[in-house]
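Raw contents of structure37.txt, compact mmCIF, N, CA and C atoms:
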```
# COMPACT_ATOMS: atom_id res chain seq x y z
N MET A 1 -24.42 -2.26 -8.21
CA MET A 1 -23.42 -2.28 -7.14
C MET A 1 -22.98 -0.85 -6.81
N GLU A 2 -22.99 -0.53 -5.54
CA GLU A 2 -22.52 0.79 -5.12
C GLU A 2 -21.00 0.78 -4.98
N THR A 3 -20.43 1.95 -4.79
CA THR A 3 -18.98 2.08 -4.66
C THR A 3 -18.54 1.58 -3.29
N ILE A 4 -17.44 0.81 -3.29
CA ILE A 4 -16.86 0.32 -2.04
C ILE A 4 -15.65 1.19 -1.72
N HIS A 5 -15.60 1.69 -0.49
CA HIS A 5 -14.51 2.56 -0.04
C HIS A 5 -13.72 1.86 1.05
N LYS A 6 -12.41 1.74 0.86
CA LYS A 6 -11.54 1.12 1.86
C LYS A 6 -10.26 1.92 2.00
N ILE A 7 -9.62 1.81 3.18
CA ILE A 7 -8.37 2.53 3.47
C ILE A 7 -7.26 1.52 3.73
N GLY A 8 -6.07 1.80 3.19
CA GLY A 8 -4.89 0.99 3.45
C GLY A 8 -3.75 1.88 3.89
N ARG A 9 -2.92 1.39 4.81
CA ARG A 9 -1.79 2.18 5.30
C ARG A 9 -0.52 1.35 5.27
N ARG A 10 0.61 2.04 5.07
CA ARG A 10 1.94 1.43 5.13
C ARG A 10 2.93 2.52 5.45
N LYS A 11 3.72 2.37 6.51
CA LYS A 11 4.61 3.41 7.01
C LYS A 11 3.80 4.69 7.18
N THR A 12 4.10 5.76 6.44
CA THR A 12 3.32 6.99 6.59
C THR A 12 2.40 7.22 5.40
N ALA A 13 2.28 6.25 4.50
CA ALA A 13 1.41 6.38 3.33
C ALA A 13 -0.01 5.94 3.68
N VAL A 14 -0.98 6.72 3.21
CA VAL A 14 -2.39 6.39 3.41
C VAL A 14 -3.08 6.38 2.05
N ALA A 15 -3.75 5.28 1.73
CA ALA A 15 -4.43 5.14 0.43
C ALA A 15 -5.92 4.94 0.66
N ARG A 16 -6.72 5.73 -0.06
CA ARG A 16 -8.17 5.57 -0.05
C ARG A 16 -8.56 5.02 -1.42
N VAL A 17 -9.20 3.86 -1.41
CA VAL A 17 -9.55 3.16 -2.66
C VAL A 17 -11.06 3.16 -2.82
N TYR A 18 -11.52 3.54 -4.02
CA TYR A 18 -12.94 3.50 -4.37
C TYR A 18 -13.10 2.50 -5.51
N LEU A 19 -13.86 1.44 -5.26
CA LEU A 19 -13.99 0.33 -6.19
C LEU A 19 -15.42 0.28 -6.72
N LYS A 20 -15.58 0.26 -8.05
CA LYS A 20 -16.91 0.12 -8.65
C LYS A 20 -16.79 -0.71 -9.91
N GLU A 21 -17.91 -1.24 -10.37
CA GLU A 21 -17.89 -2.08 -11.56
C GLU A 21 -17.43 -1.28 -12.77
N GLY A 22 -16.64 -1.94 -13.64
CA GLY A 22 -16.13 -1.26 -14.82
C GLY A 22 -15.32 -2.19 -15.69
N LYS A 23 -14.29 -1.62 -16.34
CA LYS A 23 -13.49 -2.36 -17.31
C LYS A 23 -12.08 -2.67 -16.84
N GLY A 24 -11.73 -2.31 -15.63
CA GLY A 24 -10.39 -2.60 -15.14
C GLY A 24 -9.46 -1.41 -15.16
N ASN A 25 -10.01 -0.20 -15.26
CA ASN A 25 -9.17 1.01 -15.24
C ASN A 25 -8.77 1.35 -13.81
N ILE A 26 -7.50 1.73 -13.64
CA ILE A 26 -7.00 2.15 -12.33
C ILE A 26 -6.45 3.57 -12.48
N THR A 27 -6.97 4.50 -11.69
CA THR A 27 -6.45 5.87 -11.67
C THR A 27 -5.97 6.18 -10.26
N ILE A 28 -4.78 6.75 -10.18
CA ILE A 28 -4.19 7.09 -8.89
C ILE A 28 -3.91 8.59 -8.88
N ASN A 29 -4.52 9.29 -7.94
CA ASN A 29 -4.39 10.76 -7.85
C ASN A 29 -4.66 11.43 -9.19
N LYS A 30 -5.72 10.97 -9.87
CA LYS A 30 -6.16 11.50 -11.17
C LYS A 30 -5.12 11.33 -12.27
N ARG A 31 -4.21 10.37 -12.09
CA ARG A 31 -3.22 10.03 -13.12
C ARG A 31 -3.39 8.57 -13.50
N GLU A 32 -2.92 8.24 -14.70
CA GLU A 32 -2.99 6.84 -15.14
C GLU A 32 -2.09 5.98 -14.26
N PHE A 33 -2.50 4.73 -14.10
CA PHE A 33 -1.79 3.78 -13.25
C PHE A 33 -0.34 3.58 -13.72
N GLU A 34 -0.14 3.42 -15.03
CA GLU A 34 1.21 3.17 -15.57
C GLU A 34 2.12 4.39 -15.42
N ASN A 35 1.54 5.59 -15.42
CA ASN A 35 2.34 6.80 -15.25
C ASN A 35 2.74 7.01 -13.80
N TYR A 36 1.85 6.66 -12.88
CA TYR A 36 2.13 6.88 -11.46
C TYR A 36 3.16 5.88 -10.94
N PHE A 37 3.02 4.61 -11.34
CA PHE A 37 3.97 3.57 -10.96
C PHE A 37 4.65 3.06 -12.22
N PRO A 38 5.81 3.65 -12.60
CA PRO A 38 6.45 3.28 -13.87
C PRO A 38 7.12 1.91 -13.87
N THR A 39 7.52 1.39 -12.71
CA THR A 39 8.25 0.12 -12.69
C THR A 39 7.29 -1.06 -12.60
N GLY A 40 7.70 -2.17 -13.18
CA GLY A 40 6.89 -3.37 -13.20
C GLY A 40 6.65 -3.95 -11.81
N THR A 41 7.64 -3.81 -10.92
CA THR A 41 7.51 -4.35 -9.56
C THR A 41 6.37 -3.67 -8.81
N LEU A 42 6.31 -2.35 -8.89
CA LEU A 42 5.25 -1.61 -8.19
C LEU A 42 3.89 -1.89 -8.82
N GLN A 43 3.85 -2.02 -10.14
CA GLN A 43 2.59 -2.34 -10.81
C GLN A 43 2.10 -3.72 -10.38
N TYR A 44 3.03 -4.67 -10.26
CA TYR A 44 2.68 -6.02 -9.81
C TYR A 44 2.12 -5.99 -8.39
N LYS A 45 2.75 -5.21 -7.50
CA LYS A 45 2.29 -5.12 -6.12
C LYS A 45 0.86 -4.62 -6.05
N VAL A 46 0.54 -3.59 -6.83
CA VAL A 46 -0.80 -3.01 -6.79
C VAL A 46 -1.83 -3.99 -7.36
N LYS A 47 -1.49 -4.68 -8.44
CA LYS A 47 -2.44 -5.58 -9.11
C LYS A 47 -2.53 -6.97 -8.48
N GLN A 48 -1.66 -7.28 -7.53
CA GLN A 48 -1.60 -8.62 -6.94
C GLN A 48 -2.94 -9.13 -6.41
N PRO A 49 -3.68 -8.35 -5.59
CA PRO A 49 -4.96 -8.88 -5.11
C PRO A 49 -5.98 -9.10 -6.23
N LEU A 50 -5.93 -8.27 -7.27
CA LEU A 50 -6.85 -8.43 -8.39
C LEU A 50 -6.52 -9.69 -9.19
N THR A 51 -5.22 -9.95 -9.38
CA THR A 51 -4.78 -11.11 -10.14
C THR A 51 -5.15 -12.41 -9.40
N LEU A 52 -4.92 -12.45 -8.09
CA LEU A 52 -5.19 -13.65 -7.31
C LEU A 52 -6.68 -13.99 -7.27
N THR A 53 -7.54 -12.97 -7.31
CA THR A 53 -8.99 -13.20 -7.24
C THR A 53 -9.65 -13.17 -8.62
N ASP A 54 -8.86 -13.08 -9.69
CA ASP A 54 -9.36 -13.06 -11.08
C ASP A 54 -10.35 -11.92 -11.33
N ASN A 55 -10.01 -10.72 -10.88
CA ASN A 55 -10.87 -9.55 -11.07
C ASN A 55 -10.14 -8.41 -11.78
N GLU A 56 -9.18 -8.72 -12.65
CA GLU A 56 -8.37 -7.67 -13.27
C GLU A 56 -9.19 -6.76 -14.19
N THR A 57 -10.20 -7.31 -14.87
CA THR A 57 -10.99 -6.51 -15.81
C THR A 57 -12.43 -6.33 -15.35
N THR A 58 -12.70 -6.53 -14.07
CA THR A 58 -14.07 -6.46 -13.56
C THR A 58 -14.42 -5.12 -12.94
N PHE A 59 -13.42 -4.46 -12.33
CA PHE A 59 -13.71 -3.26 -11.56
C PHE A 59 -12.85 -2.07 -12.00
N ASP A 60 -13.43 -0.86 -11.90
CA ASP A 60 -12.67 0.38 -12.04
C ASP A 60 -12.27 0.82 -10.65
N ILE A 61 -11.01 1.21 -10.50
CA ILE A 61 -10.50 1.58 -9.18
C ILE A 61 -9.98 3.01 -9.24
N SER A 62 -10.46 3.82 -8.32
CA SER A 62 -9.98 5.20 -8.18
C SER A 62 -9.28 5.29 -6.82
N VAL A 63 -8.06 5.85 -6.81
CA VAL A 63 -7.25 5.86 -5.59
C VAL A 63 -6.80 7.29 -5.28
N ASN A 64 -6.91 7.67 -4.02
CA ASN A 64 -6.27 8.88 -3.50
C ASN A 64 -5.23 8.41 -2.50
N VAL A 65 -3.96 8.76 -2.76
CA VAL A 65 -2.89 8.31 -1.88
C VAL A 65 -1.97 9.48 -1.58
N PHE A 66 -1.50 9.56 -0.34
CA PHE A 66 -0.58 10.62 0.05
C PHE A 66 0.34 10.11 1.14
N GLY A 67 1.46 10.79 1.31
CA GLY A 67 2.41 10.45 2.36
C GLY A 67 3.33 9.33 1.96
N GLY A 68 4.48 9.25 2.62
CA GLY A 68 5.40 8.15 2.39
C GLY A 68 6.08 8.21 1.05
N GLY A 69 6.76 7.13 0.70
CA GLY A 69 7.45 7.02 -0.57
C GLY A 69 6.63 6.21 -1.55
N ILE A 70 7.19 5.97 -2.71
CA ILE A 70 6.45 5.31 -3.79
C ILE A 70 6.16 3.84 -3.45
N THR A 71 7.10 3.15 -2.79
CA THR A 71 6.88 1.75 -2.42
C THR A 71 5.84 1.63 -1.32
N GLY A 72 5.92 2.51 -0.32
CA GLY A 72 4.93 2.51 0.75
C GLY A 72 3.54 2.80 0.22
N GLN A 73 3.44 3.69 -0.77
CA GLN A 73 2.15 4.00 -1.37
C GLN A 73 1.60 2.80 -2.11
N ALA A 74 2.46 2.10 -2.86
CA ALA A 74 2.01 0.92 -3.61
C ALA A 74 1.49 -0.16 -2.65
N GLU A 75 2.19 -0.36 -1.53
CA GLU A 75 1.77 -1.38 -0.58
C GLU A 75 0.52 -0.96 0.18
N ALA A 76 0.33 0.34 0.40
CA ALA A 76 -0.90 0.83 1.03
C ALA A 76 -2.10 0.60 0.10
N ILE A 77 -1.89 0.84 -1.19
CA ILE A 77 -2.96 0.61 -2.17
C ILE A 77 -3.29 -0.88 -2.23
N ARG A 78 -2.25 -1.74 -2.19
CA ARG A 78 -2.47 -3.19 -2.23
C ARG A 78 -3.33 -3.64 -1.05
N LEU A 79 -3.06 -3.12 0.14
CA LEU A 79 -3.83 -3.49 1.33
C LEU A 79 -5.29 -3.05 1.19
N ALA A 80 -5.50 -1.83 0.70
CA ALA A 80 -6.86 -1.31 0.55
C ALA A 80 -7.65 -2.11 -0.48
N ILE A 81 -7.02 -2.48 -1.59
CA ILE A 81 -7.70 -3.27 -2.62
C ILE A 81 -8.02 -4.67 -2.07
N SER A 82 -7.10 -5.23 -1.30
CA SER A 82 -7.34 -6.55 -0.70
C SER A 82 -8.54 -6.51 0.25
N ARG A 83 -8.63 -5.45 1.03
CA ARG A 83 -9.77 -5.31 1.95
C ARG A 83 -11.08 -5.17 1.19
N ALA A 84 -11.04 -4.44 0.07
CA ALA A 84 -12.24 -4.28 -0.75
C ALA A 84 -12.67 -5.60 -1.38
N MET A 85 -11.69 -6.41 -1.81
CA MET A 85 -12.00 -7.72 -2.40
C MET A 85 -12.68 -8.64 -1.37
N CYS A 86 -12.26 -8.54 -0.12
CA CYS A 86 -12.86 -9.35 0.94
C CYS A 86 -14.30 -8.91 1.23
N GLU A 87 -14.55 -7.62 1.10
CA GLU A 87 -15.92 -7.14 1.33
C GLU A 87 -16.84 -7.59 0.21
N LEU A 88 -16.33 -7.68 -1.01
CA LEU A 88 -17.12 -8.14 -2.14
C LEU A 88 -17.55 -9.59 -1.98
N ASN A 89 -16.57 -10.44 -1.63
CA ASN A 89 -16.83 -11.87 -1.56
C ASN A 89 -15.99 -12.45 -0.42
N ASP A 90 -16.63 -13.16 0.49
CA ASP A 90 -15.92 -13.74 1.64
C ASP A 90 -14.95 -14.83 1.23
N GLU A 91 -15.17 -15.45 0.08
CA GLU A 91 -14.26 -16.50 -0.39
C GLU A 91 -12.88 -15.94 -0.74
N ASN A 92 -12.84 -14.65 -1.11
CA ASN A 92 -11.56 -14.01 -1.44
C ASN A 92 -10.63 -13.95 -0.24
N ARG A 93 -11.21 -13.94 0.96
CA ARG A 93 -10.39 -13.90 2.17
C ARG A 93 -9.48 -15.13 2.26
N GLY A 94 -10.01 -16.29 1.92
CA GLY A 94 -9.24 -17.52 1.94
C GLY A 94 -8.10 -17.54 0.92
N ILE A 95 -8.24 -16.74 -0.14
CA ILE A 95 -7.19 -16.65 -1.17
C ILE A 95 -6.12 -15.64 -0.75
N LEU A 96 -6.53 -14.50 -0.22
CA LEU A 96 -5.61 -13.39 0.07
C LEU A 96 -4.88 -13.54 1.41
N LYS A 97 -5.52 -14.15 2.40
CA LYS A 97 -4.93 -14.26 3.73
C LYS A 97 -3.63 -15.07 3.73
N PRO A 98 -3.57 -16.24 3.07
CA PRO A 98 -2.30 -16.99 3.07
C PRO A 98 -1.15 -16.25 2.38
N GLU A 99 -1.47 -15.36 1.46
CA GLU A 99 -0.44 -14.57 0.77
C GLU A 99 0.05 -13.40 1.61
N GLY A 100 -0.62 -13.13 2.74
CA GLY A 100 -0.22 -12.04 3.63
C GLY A 100 -0.68 -10.67 3.16
N LEU A 101 -1.69 -10.63 2.30
CA LEU A 101 -2.14 -9.35 1.74
C LEU A 101 -3.16 -8.63 2.63
N LEU A 102 -3.63 -9.27 3.67
CA LEU A 102 -4.61 -8.62 4.56
C LEU A 102 -3.97 -8.15 5.86
N THR A 103 -2.65 -8.31 5.98
CA THR A 103 -1.96 -7.92 7.20
C THR A 103 -1.36 -6.53 7.02
N ARG A 104 -1.66 -5.63 7.94
CA ARG A 104 -1.10 -4.29 7.91
C ARG A 104 0.32 -4.36 8.44
N ASP A 105 1.29 -3.96 7.65
CA ASP A 105 2.69 -4.02 8.06
C ASP A 105 2.95 -2.93 9.11
N PRO A 106 3.26 -3.30 10.35
CA PRO A 106 3.34 -2.30 11.42
C PRO A 106 4.67 -1.56 11.50
N ARG A 107 5.64 -1.94 10.66
CA ARG A 107 6.97 -1.34 10.79
C ARG A 107 6.95 0.15 10.43
N MET A 108 7.48 0.95 11.34
CA MET A 108 7.57 2.40 11.14
C MET A 108 9.01 2.83 11.38
N VAL A 109 9.34 4.04 10.95
CA VAL A 109 10.69 4.56 11.15
C VAL A 109 10.87 4.88 12.64
N GLU A 110 11.98 4.42 13.20
CA GLU A 110 12.27 4.69 14.60
C GLU A 110 12.73 6.13 14.75
N ARG A 111 12.29 6.78 15.82
CA ARG A 111 12.61 8.20 15.99
C ARG A 111 14.06 8.39 16.40
N LYS A 112 14.60 9.55 16.06
CA LYS A 112 15.96 9.92 16.46
C LYS A 112 15.94 10.27 17.94
N LYS A 113 16.95 9.77 18.67
CA LYS A 113 17.04 10.05 20.10
C LYS A 113 17.95 11.24 20.37
N PHE A 114 17.65 11.94 21.47
CA PHE A 114 18.44 13.09 21.89
C PHE A 114 19.84 12.64 22.27
N GLY A 115 20.86 13.37 21.85
CA GLY A 115 22.24 13.05 22.18
C GLY A 115 22.84 11.96 21.32
N GLN A 116 22.14 11.58 20.24
CA GLN A 116 22.65 10.57 19.32
C GLN A 116 22.63 11.13 17.91
N LYS A 117 23.40 10.48 17.05
CA LYS A 117 23.49 10.93 15.67
C LYS A 117 22.21 10.59 14.90
N LYS A 118 21.73 9.35 15.06
CA LYS A 118 20.49 8.89 14.43
C LYS A 118 19.70 8.10 15.47
N ALA A 119 18.78 7.26 15.02
CA ALA A 119 17.95 6.50 15.96
C ALA A 119 18.80 5.57 16.83
N ARG A 120 19.75 4.89 16.20
CA ARG A 120 20.59 3.95 16.96
C ARG A 120 22.07 4.30 16.90
N LYS A 121 22.48 5.04 15.88
CA LYS A 121 23.90 5.39 15.73
C LYS A 121 24.27 6.45 16.76
N LYS A 122 25.42 6.24 17.38
CA LYS A 122 25.90 7.19 18.39
C LYS A 122 27.02 8.04 17.80
N PHE A 123 27.31 9.14 18.48
CA PHE A 123 28.49 9.93 18.12
C PHE A 123 29.74 9.14 18.49
N GLN A 124 30.79 9.31 17.70
CA GLN A 124 32.02 8.57 17.95
C GLN A 124 32.68 9.09 19.23
N PHE A 125 33.15 8.16 20.04
CA PHE A 125 33.81 8.53 21.28
C PHE A 125 35.33 8.40 21.07
N SER A 126 36.04 9.45 21.37
CA SER A 126 37.50 9.37 21.19
C SER A 126 38.20 9.80 22.47
N LYS A 127 39.26 9.05 22.84
CA LYS A 127 40.08 9.39 24.01
C LYS A 127 41.27 10.18 23.51
N ARG A 128 41.54 11.31 24.10
CA ARG A 128 42.71 12.10 23.73
C ARG A 128 43.46 12.53 24.94
```
For the structure just supplied, provide its representation as structure tokens.
Amino acid sequence: METIHKIGRRKTAVARVYLKEGKGNITINKREFENYFPTGTLQYKVKQPLTLTDNETTFDISVNVFGGGITGQAEAIRLAISRAMCELNDENRGILKPEGLLTRDPRMVERKKFGQKKARKKFQFSKR
């Protein structure tokens, strides 16, 4: 089996995932998976597509991720792994699609407008 390369995005985070046969090791930006994502919630998000398709110990995953925050990065990695699982086996699509793991979340930060304090917040108006 050759290496499968997929890209996942969330907000401003971009994750490139390289999937090949192995023992289930995950490295993110040349760091161990547990060191990069210390909380259980983020670890669960990244491993979710592997758990649902019963491939936790089948593949070695190497990830390059940049941009965004830690949660956006975890969700970008999850999308990329889900896409890779679908390329491996078409039956995985039926498992991952109902869970919403193949949908790219389009929500982005709204830009700040001129003459306003933030994107939607206005300066306070006072009568004197």
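Residues surrounding Arg107 in chain A within 8 Å are Arg10, Lys11 and Thr12 of chain A [only N, CA and C atoms; sequence separation below 4 positions excluded].
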Gap from atom C of Asn64 in chain A to atom C of Leu79 in chain A - Å, one decimal: 12.0 Å
Long-range neighbours of range 81-96 of chain A as a count of residues only, 7 Å cut-off, only N, CA and C atoms, 3 positions minimum in chain: 17
Spatial neighbours of Lys30 in chain A, max dist 7 Å, only N, CA and C atoms, sep filter under 2 positions, as an MDAnalysis selection string: chainID A and resid 27:28 32 63:64
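Taking CA of Asn29 in chain A as the reference point, CA of Val14 in chain A is found at 12.2 Å.
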Secondary structure check, strand (DSSP E or B) residues of chain A, as number ranges by chain: A: 4-10, 13-21, 26-28, 31-32, 59-66
Write a file of the selected residues as a PDB file, keeping the file's coordinate frame, keeping N, CA and C atoms.
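Final output, out35.pdb:
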```
ATOM      1  N   ILE A   4     -17.440   0.810  -3.290  1.00  0.00           N
ATOM      2  CA  ILE A   4     -16.860   0.320  -2.040  1.00  0.00           C
ATOM      3  C   ILE A   4     -15.650   1.190  -1.720  1.00  0.00           C
ATOM      4  N   HIS A   5     -15.600   1.690  -0.490  1.00  0.00           N
ATOM      5  CA  HIS A   5     -14.510   2.560  -0.040  1.00  0.00           C
ATOM      6  C   HIS A   5     -13.720   1.860   1.050  1.00  0.00           C
ATOM      7  N   LYS A   6     -12.410   1.740   0.860  1.00  0.00           N
ATOM      8  CA  LYS A   6     -11.540   1.120   1.860  1.00  0.00           C
ATOM      9  C   LYS A   6     -10.260   1.920   2.000  1.00  0.00           C
ATOM     10  N   ILE A   7      -9.620   1.810   3.180  1.00  0.00           N
ATOM     11  CA  ILE A   7      -8.370   2.530   3.470  1.00  0.00           C
ATOM     12  C   ILE A   7      -7.260   1.520   3.730  1.00  0.00           C
ATOM     13  N   GLY A   8      -6.070   1.800   3.190  1.00  0.00           N
ATOM     14  CA  GLY A   8      -4.890   0.990   3.450  1.00  0.00           C
ATOM     15  C   GLY A   8      -3.750   1.880   3.890  1.00  0.00           C
ATOM     16  N   ARG A   9      -2.920   1.390   4.810  1.00  0.00           N
ATOM     17  CA  ARG A   9      -1.790   2.180   5.300  1.00  0.00           C
ATOM     18  C   ARG A   9      -0.520   1.350   5.270  1.00  0.00           C
ATOM     19  N   ARG A  10       0.610   2.040   5.070  1.00  0.00           N
ATOM     20  CA  ARG A  10       1.940   1.430   5.130  1.00  0.00           C
ATOM     21  C   ARG A  10       2.930   2.520   5.450  1.00  0.00           C
ATOM     22  N   ALA A  13       2.280   6.250   4.500  1.00  0.00           N
ATOM     23  CA  ALA A  13       1.410   6.380   3.330  1.00  0.00           C
ATOM     24  C   ALA A  13      -0.010   5.940   3.680  1.00  0.00           C
ATOM     25  N   VAL A  14      -0.980   6.720   3.210  1.00  0.00           N
ATOM     26  CA  VAL A  14      -2.390   6.390   3.410  1.00  0.00           C
ATOM     27  C   VAL A  14      -3.080   6.380   2.050  1.00  0.00           C
ATOM     28  N   ALA A  15      -3.750   5.280   1.730  1.00  0.00           N
ATOM     29  CA  ALA A  15      -4.430   5.140   0.430  1.00  0.00           C
ATOM     30  C   ALA A  15      -5.920   4.940   0.660  1.00  0.00           C
ATOM     31  N   ARG A  16      -6.720   5.730  -0.060  1.00  0.00           N
ATOM     32  CA  ARG A  16      -8.170   5.570  -0.050  1.00  0.00           C
ATOM     33  C   ARG A  16      -8.560   5.020  -1.420  1.00  0.00           C
ATOM     34  N   VAL A  17      -9.200   3.860  -1.410  1.00  0.00           N
ATOM     35  CA  VAL A  17      -9.550   3.160  -2.660  1.00  0.00           C
ATOM     36  C   VAL A  17     -11.060   3.160  -2.820  1.00  0.00           C
ATOM     37  N   TYR A  18     -11.520   3.540  -4.020  1.00  0.00           N
ATOM     38  CA  TYR A  18     -12.940   3.500  -4.370  1.00  0.00           C
ATOM     39  C   TYR A  18     -13.100   2.500  -5.510  1.00  0.00           C
ATOM     40  N   LEU A  19     -13.860   1.440  -5.260  1.00  0.00           N
ATOM     41  CA  LEU A  19     -13.990   0.330  -6.190  1.00  0.00           C
ATOM     42  C   LEU A  19     -15.420   0.280  -6.720  1.00  0.00           C
ATOM     43  N   LYS A  20     -15.580   0.260  -8.050  1.00  0.00           N
ATOM     44  CA  LYS A  20     -16.910   0.120  -8.650  1.00  0.00           C
ATOM     45  C   LYS A  20     -16.790  -0.710  -9.910  1.00  0.00           C
ATOM     46  N   GLU A  21     -17.910  -1.240 -10.370  1.00  0.00           N
ATOM     47  CA  GLU A  21     -17.890  -2.080 -11.560  1.00  0.00           C
ATOM     48  C   GLU A  21     -17.430  -1.280 -12.770  1.00  0.00           C
ATOM     49  N   ILE A  26      -7.500   1.730 -13.640  1.00  0.00           N
ATOM     50  CA  ILE A  26      -7.000   2.150 -12.330  1.00  0.00           C
ATOM     51  C   ILE A  26      -6.450   3.570 -12.480  1.00  0.00           C
ATOM     52  N   THR A  27      -6.970   4.500 -11.690  1.00  0.00           N
ATOM     53  CA  THR A  27      -6.450   5.870 -11.670  1.00  0.00           C
ATOM     54  C   THR A  27      -5.970   6.180 -10.260  1.00  0.00           C
ATOM     55  N   ILE A  28      -4.780   6.750 -10.180  1.00  0.00           N
ATOM     56  CA  ILE A  28      -4.190   7.090  -8.890  1.00  0.00           C
ATOM     57  C   ILE A  28      -3.910   8.590  -8.880  1.00  0.00           C
ATOM     58  N   ARG A  31      -4.210  10.370 -12.090  1.00  0.00           N
ATOM     59  CA  ARG A  31      -3.220  10.030 -13.120  1.00  0.00           C
ATOM     60  C   ARG A  31      -3.390   8.570 -13.500  1.00  0.00           C
ATOM     61  N   GLU A  32      -2.920   8.240 -14.700  1.00  0.00           N
ATOM     62  CA  GLU A  32      -2.990   6.840 -15.140  1.00  0.00           C
ATOM     63  C   GLU A  32      -2.090   5.980 -14.260  1.00  0.00           C
ATOM     64  N   PHE A  59     -13.420  -4.460 -12.330  1.00  0.00           N
ATOM     65  CA  PHE A  59     -13.710  -3.260 -11.560  1.00  0.00           C
ATOM     66  C   PHE A  59     -12.850  -2.070 -12.000  1.00  0.00           C
ATOM     67  N   ASP A  60     -13.430  -0.860 -11.900  1.00  0.00           N
ATOM     68  CA  ASP A  60     -12.670   0.380 -12.040  1.00  0.00           C
ATOM     69  C   ASP A  60     -12.270   0.820 -10.650  1.00  0.00           C
ATOM     70  N   ILE A  61     -11.010   1.210 -10.500  1.00  0.00           N
ATOM     71  CA  ILE A  61     -10.500   1.580  -9.180  1.00  0.00           C
ATOM     72  C   ILE A  61      -9.980   3.010  -9.240  1.00  0.00           C
ATOM     73  N   SER A  62     -10.460   3.820  -8.320  1.00  0.00           N
ATOM     74  CA  SER A  62      -9.980   5.200  -8.180  1.00  0.00           C
ATOM     75  C   SER A  62      -9.280   5.290  -6.820  1.00  0.00           C
ATOM     76  N   VAL A  63      -8.060   5.850  -6.810  1.00  0.00           N
ATOM     77  CA  VAL A  63      -7.250   5.860  -5.590  1.00  0.00           C
ATOM     78  C   VAL A  63      -6.800   7.290  -5.280  1.00  0.00           C
ATOM     79  N   ASN A  64      -6.910   7.670  -4.020  1.00  0.00           N
ATOM     80  CA  ASN A  64      -6.270   8.880  -3.500  1.00  0.00           C
ATOM     81  C   ASN A  64      -5.230   8.410  -2.500  1.00  0.00           C
ATOM     82  N   VAL A  65      -3.960   8.760  -2.760  1.00  0.00           N
ATOM     83  CA  VAL A  65      -2.890   8.310  -1.880  1.00  0.00           C
ATOM     84  C   VAL A  65      -1.970   9.480  -1.580  1.00  0.00           C
ATOM     85  N   PHE A  66      -1.500   9.560  -0.340  1.00  0.00           N
ATOM     86  CA  PHE A  66      -0.580  10.620   0.050  1.00  0.00           C
ATOM     87  C   PHE A  66       0.340  10.110   1.140  1.00  0.00           C
TER      88      PHE A  66
END
```
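Here atom N of Thr58 in chain A and CA of Asn25 in chain A stand 8.4 Å from one another.
Those residues in range 29-70 of chain A carrying a DSSP assignment of alpha helix (DSSP H), computed from the backbone, are Phe33, Glu34, Asn35, Tyr36, Gly40, Thr41, Leu42, Gln43, Tyr44, Lys45, Val46, Lys47, Gln48, Pro49, Leu50, Thr51, Leu52 and Ile70 of chain A.
Here the question is which of A:Met1, A:Gly115, A:Glu56, A:Ala13 gets nearest to Ile26 in chain A using only C-alpha atoms, and that residue is A:Glu56.
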Polymer residues at most 9 Å from Glu2 in chain A, only C-alpha atoms, same-chain spacing of 3 or more positions, as a ChimeraX atom specification: /A:19-21
Closest of A:Ser126, A:Thr3, A:Thr71, A:Gln116 to Pro38 in chain A - atom-to-atom distances counting only C-alpha atoms: A:Thr71
